[in-house]
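A.B. asks: The following block contains the structure, expressed as structure tokens.
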Amino acid sequence: MIDTHDAGITDPVALEIRAAEGRLVGSNGRYEKRLSELAGLYRDERAFAASLAGDSGDPVYWVESSDTQRGDGALITGISVLEPGRIGDEFFMTRGHLHARSECAETYVGLEGEGVMLLETVDGRSEAHPVRPGTAVYVPGGWVHRSVNVGTGRFSTLFVYPAVAGQDYDIIARAGGMRSLVVADVDGGWSVRDNPDHVGYRA
Ligand SMILES: [Fe+2]
């Protein structure tokens with residue numbers, strides 16, 4: 001019998017998704033973002049300062065992922081969990097990114113809560129897709145993407161993307177934020193409006 005370990009074949013991984021707890025049991029990586037680490041993400045600086053003054057210091061979002069295989073052909077599997085909340089009229093959101101290897105795609109599956117996947121290309125296309133439990137969104141290569149929690153509870157998604165993809169977070173900051181903002185409506189819903197600070201994406 002051939003020993004596949006000698007052939008460089010990675011062991012399979014079984015993961016347990018505990019969406020309500022925001023956990024991916026069996027994962028091997030985690031990062032967290034606290035409000036204090038998100039200065040400049042939201043347009044309303046006074047609202048951000050007021051929220052920070054009363055902040056508990058708990059993470060506002062986190063990612064747990066499994067990346068035991070590396071290199072071409074490998075996938076990273078993880079969950080992204082966003083607490084509910086707003087800064088001014090903008091809902092809590094992830095920083096967002098374009099994959100460093102921009103041709104790399106990603107699939108997101110809604111696990112818990114109500115969210116929006118905000119998607120933009122560098123040449124001006126913009127889309128906002130609602131994500132609920134059971135919704136799958138395929139993010140093709142070339143799309144800047146961000147998760148936004150528009151609900152009143154936690155918003156969590158499962159994601160799968162190529163291990164070689166990497167992330168360029170700075171492209172959004174250099175552009176003055178994403179082109180579109182996901183904001184609260186007076187009727188309790190959400191809508192999309194233009195971000196007046198957006199100056200276009202540059203390489
Ligand atoms: Fe991504």
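Residues in the structure tokens are named by chain (A, B, ... in the order shown) and by number from 1 within that chain; ligands are numbered from 1 in the order shown.
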Could you pull the residues within 9 Å of Lys33 of chain A, counting only C-alpha atoms, minus those fewer than 6 positions along the same chain, as number ranges by chain?
C.D. replies: A: 58-63, 94
A.B. asks: Write out, as a short mmCIF file (atom, residue, chain, number, x, y, z; two decimals), in the first residue's frame, the residues just selected, with N, CA and C atoms.
C.D. replies:
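After the write, selection.cif holds the following:
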data_model
loop_
_atom_site.label_atom_id
_atom_site.label_comp_id
_atom_site.auth_asym_id
_atom_site.auth_seq_id
_atom_site.Cartn_x
_atom_site.Cartn_y
_atom_site.Cartn_z
N ASP A 58 -15.23 43.87 23.96
CA ASP A 58 -15.46 42.56 23.36
C ASP A 58 -15.30 42.66 21.85
N PRO A 59 -14.96 41.55 21.18
CA PRO A 59 -14.85 41.60 19.72
C PRO A 59 -16.19 41.96 19.07
N VAL A 60 -16.13 42.75 18.01
CA VAL A 60 -17.35 43.03 17.25
C VAL A 60 -17.49 42.06 16.08
N TYR A 61 -16.36 41.49 15.64
CA TYR A 61 -16.46 40.35 14.74
C TYR A 61 -15.23 39.47 14.86
N TRP A 62 -15.39 38.23 14.44
CA TRP A 62 -14.26 37.30 14.50
C TRP A 62 -14.40 36.24 13.42
N VAL A 63 -13.28 35.61 13.16
CA VAL A 63 -13.20 34.56 12.14
C VAL A 63 -12.51 33.35 12.77
N THR A 94 -17.60 44.01 8.38
CA THR A 94 -16.19 43.63 8.35
C THR A 94 -15.41 44.69 7.56
#
A.B. asks: Can you check which parts of chain A lie within 8 Å of ligand 1? Per residue, the shortest pair of atoms and distance in Å to one decimal, counting only C-alpha atoms and all ligand atoms, sorted by chain and number, as a Markdown table.
C.D. replies:
| residue | atom | partner | partner_atom_place_in_ligand_line | distance |
| --- | --- | --- | --- | --- |
| A:Gly96 | CA | ligand 1 | 1 (Fe) | 7.7 |
| A:His97 | CA | ligand 1 | 1 (Fe) | 6.3 |
| A:Leu98 | CA | ligand 1 | 1 (Fe) | 6.6 |
| A:His99 | CA | ligand 1 | 1 (Fe) | 5.9 |
| A:Ala105 | CA | ligand 1 | 1 (Fe) | 7.5 |
| A:Glu106 | CA | ligand 1 | 1 (Fe) | 6.0 |
| A:Val144 | CA | ligand 1 | 1 (Fe) | 8.0 |
| A:His145 | CA | ligand 1 | 1 (Fe) | 6.6 |
| A:Tyr161 | CA | ligand 1 | 1 (Fe) | 6.9 |
| A:Ala165 | CA | ligand 1 | 1 (Fe) | 7.9 |
| A:Gly166 | CA | ligand 1 | 1 (Fe) | 7.9 |
| A:Gln167 | CA | ligand 1 | 1 (Fe) | 6.7 |
A.B. asks: Quick one: which segment 102-154 of chain A residues come within 12 Å of segment 193-197 of chain A, and what is the nearest atom pair for each with the distance in Å to one decimal, counting only C-alpha atoms, rows ordered by chain and ascending number, as CSV?
C.D. replies:
residue,atom,partner,partner_atom,distance
A:Leu118,CA,A:Arg193,CA,11.8
A:Gly124,CA,A:Asp194,CA,11.8
A:Ser126,CA,A:Asp194,CA,10.1
A:Glu127,CA,A:Arg193,CA,11.3
A:Ala128,CA,A:Arg193,CA,10.7
A.B. asks: I need the residues from that last selection saved to file as a PDB file, in the first residue's frame (with N, CA, C and O atoms), if you can.
C.D. replies:
ATOM      1  N   LEU A 118     -21.779  42.879   0.487  1.00  0.00           N
ATOM      2  CA  LEU A 118     -21.569  44.035  -0.378  1.00  0.00           C
ATOM      3  C   LEU A 118     -20.388  43.738  -1.296  1.00  0.00           C
ATOM      4  O   LEU A 118     -19.302  43.371  -0.820  1.00  0.00           O
ATOM      5  N   GLY A 124     -16.186  49.852 -11.017  1.00  0.00           N
ATOM      6  CA  GLY A 124     -17.417  50.587 -10.775  1.00  0.00           C
ATOM      7  C   GLY A 124     -18.706  49.810 -10.617  1.00  0.00           C
ATOM      8  O   GLY A 124     -19.761  50.413 -10.438  1.00  0.00           O
ATOM      9  N   SER A 126     -21.341  47.582  -8.508  1.00  0.00           N
ATOM     10  CA  SER A 126     -21.636  47.452  -7.090  1.00  0.00           C
ATOM     11  C   SER A 126     -22.920  46.643  -6.915  1.00  0.00           C
ATOM     12  O   SER A 126     -23.909  46.898  -7.595  1.00  0.00           O
ATOM     13  N   GLU A 127     -22.872  45.657  -6.020  1.00  0.00           N
ATOM     14  CA  GLU A 127     -24.051  44.835  -5.751  1.00  0.00           C
ATOM     15  C   GLU A 127     -24.144  44.571  -4.252  1.00  0.00           C
ATOM     16  O   GLU A 127     -23.119  44.422  -3.583  1.00  0.00           O
ATOM     17  N   ALA A 128     -25.387  44.483  -3.761  1.00  0.00           N
ATOM     18  CA  ALA A 128     -25.627  44.152  -2.360  1.00  0.00           C
ATOM     19  C   ALA A 128     -26.606  42.986  -2.321  1.00  0.00           C
ATOM     20  O   ALA A 128     -27.738  43.122  -2.801  1.00  0.00           O
TER      21      ALA A 128
END
A.B. asks: Calculate how many Å separate atom CA of Val116 of chain A from atom CA of Asn28 of chain A, rounding to one decimal.
C.D. replies: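 Taking atom CA of Val116 of chain A and atom CA of Asn28 of chain A, their separation equals 26.7 Å.
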A.B. asks: Restricting the calculation to only C-alpha atoms, which member of A:Val109, A:Val182, A:Cys104, A:Ile79 is positioned closest to Glu21 of chain A?
C.D. replies: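 Using only C-alpha atoms, the shortest distance to Glu21 of chain A belongs to A:Ile79.
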A.B. asks: Which parts of segment 47-170 of chain A does DSSP call alpha helix (DSSP H) when run on the backbone here, written out as a VMD selection string?
C.D. replies: chain A and resid 47 to 53 170
A.B. asks: Figure out the distance between atom CA of Thr107 of chain A and atom CA of Arg95 of chain A, please, to one decimal in Å.
C.D. replies: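 Taking atom CA of Arg95 of chain A as the start and atom CA of Thr107 of chain A as the end point, the length is 17.6 Å.
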A.B. asks: As an MDAnalysis selection string, please: every residue in segment 12-203 of chain A that a backbone DSSP assignment puts in strand (DSSP E).
C.D. replies: chainID A and resid 16:18 23:25 29:34 59:66 75:82 86:87 90:91 106:112 115:121 126:131 136:139 143:149 155:162 180:184 190:194
A.B. asks: From the options A:Ala14, A:Ala173, A:Leu24, A:Val81, which residue's atoms come nearest to Ala39 of chain A, counting only C-alpha atoms?
C.D. replies: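 Nearest to Ala39 of chain A: A:Ala173.
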A.B. asks: If you count only C-alpha atoms, which residues fall within 10 Å of Glu112 of chain A, apart from same-chain ones fewer than 2 positions away, as a VMD selection string?
C.D. replies: chain A and resid 19 to 20 22 81 109 to 110 114 to 115 131 to 134 153 to 158
A.B. asks: Residues near Gly88 of chain A, anyone? I mean within 8 Å using only C-alpha atoms, not counting same-chain ones fewer than 5 positions away, as a list in words.
C.D. replies: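 Final neighbour list, sorted by chain and number: Asp44, Ala47 and Phe48 of chain A.
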A.B. asks: Would you kindly return, as a ChimeraX atom specification, each protein, DNA or RNA residue with an atom no farther than 8 Å from any atom of Ala184 of chain A, considering only C-alpha atoms and excluding same-chain residues fewer than 6 positions away?
C.D. replies: /A:89-91,150,190-191
A.B. asks: Residues at most 9 Å from Gly29 of chain A, counting only C-alpha atoms, excluding those fewer than 4 positions away in the same chain, as an MDAnalysis selection string?
C.D. replies: chainID A and resid 63:67 78
A.B. asks: What would the file look like if the residues just selected were written as an mmCIF file, in the first residue's frame with N, CA and C atoms?
C.D. replies:
data_model
loop_
_atom_site.group_PDB
_atom_site.id
_atom_site.type_symbol
_atom_site.label_atom_id
_atom_site.label_comp_id
_atom_site.auth_asym_id
_atom_site.auth_seq_id
_atom_site.Cartn_x
_atom_site.Cartn_y
_atom_site.Cartn_z
ATOM 1 N N VAL A 63 -13.278 35.606 13.160
ATOM 2 C CA VAL A 63 -13.205 34.561 12.140
ATOM 3 C C VAL A 63 -12.514 33.351 12.766
ATOM 4 N N GLU A 64 -13.098 32.174 12.584
ATOM 5 C CA GLU A 64 -12.433 30.927 12.958
ATOM 6 C C GLU A 64 -12.295 30.111 11.685
ATOM 7 N N SER A 65 -11.093 29.621 11.409
ATOM 8 C CA SER A 65 -10.877 28.973 10.119
ATOM 9 C C SER A 65 -9.939 27.783 10.231
ATOM 10 N N SER A 66 -10.004 26.975 9.215
ATOM 11 C CA SER A 66 -9.185 25.763 9.117
ATOM 12 C C SER A 66 -8.371 25.838 7.834
ATOM 13 N N ASP A 67 -7.051 25.836 7.983
ATOM 14 C CA ASP A 67 -6.191 25.963 6.798
ATOM 15 C C ASP A 67 -5.045 24.959 6.852
ATOM 16 N N GLY A 78 -13.998 28.398 6.837
ATOM 17 C CA GLY A 78 -14.127 29.105 8.104
ATOM 18 C C GLY A 78 -15.501 29.685 8.314
#
A.B. asks: Excluding same-chain residues fewer than 3 positions from Asp11 of chain A, what lies within 10 Å of it counting only C-alpha atoms, as a ChimeraX atom specification?
C.D. replies: /A:4-5,8,14,68-69
A.B. asks: In Å, with one decimal, what is the gap from atom CA of Tyr138 of chain A to atom CA of Tyr108 of chain A?
C.D. replies: 6.5 Å
A.B. asks: I need the residue nearest Leu119 of chain A from this list: A:Val13, A:Val192, A:Leu38, A:Ala49. Use only C-alpha atoms for the distance.
C.D. replies: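 Smallest separation from Leu119 of chain A among the options: A:Val192.
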A.B. asks: Given only C-alpha atoms as the basis, pick out the residue of A:Ile171, A:Ala53, A:Tyr42, A:Leu82 nearest to Ser102 of chain A.
C.D. replies: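 The closest residue to Ser102 of chain A is A:Ile171.
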A.B. asks: Please determine, counting only C-alpha atoms, which residue among A:Arg43, A:Arg179, A:Arg34, A:Arg146 has the shortest atom-to-atom distance to Asp55 of chain A.
C.D. replies: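 Of A:Arg43, A:Arg179, A:Arg34, A:Arg146, the one nearest Asp55 of chain A is A:Arg34, counting only C-alpha atoms.
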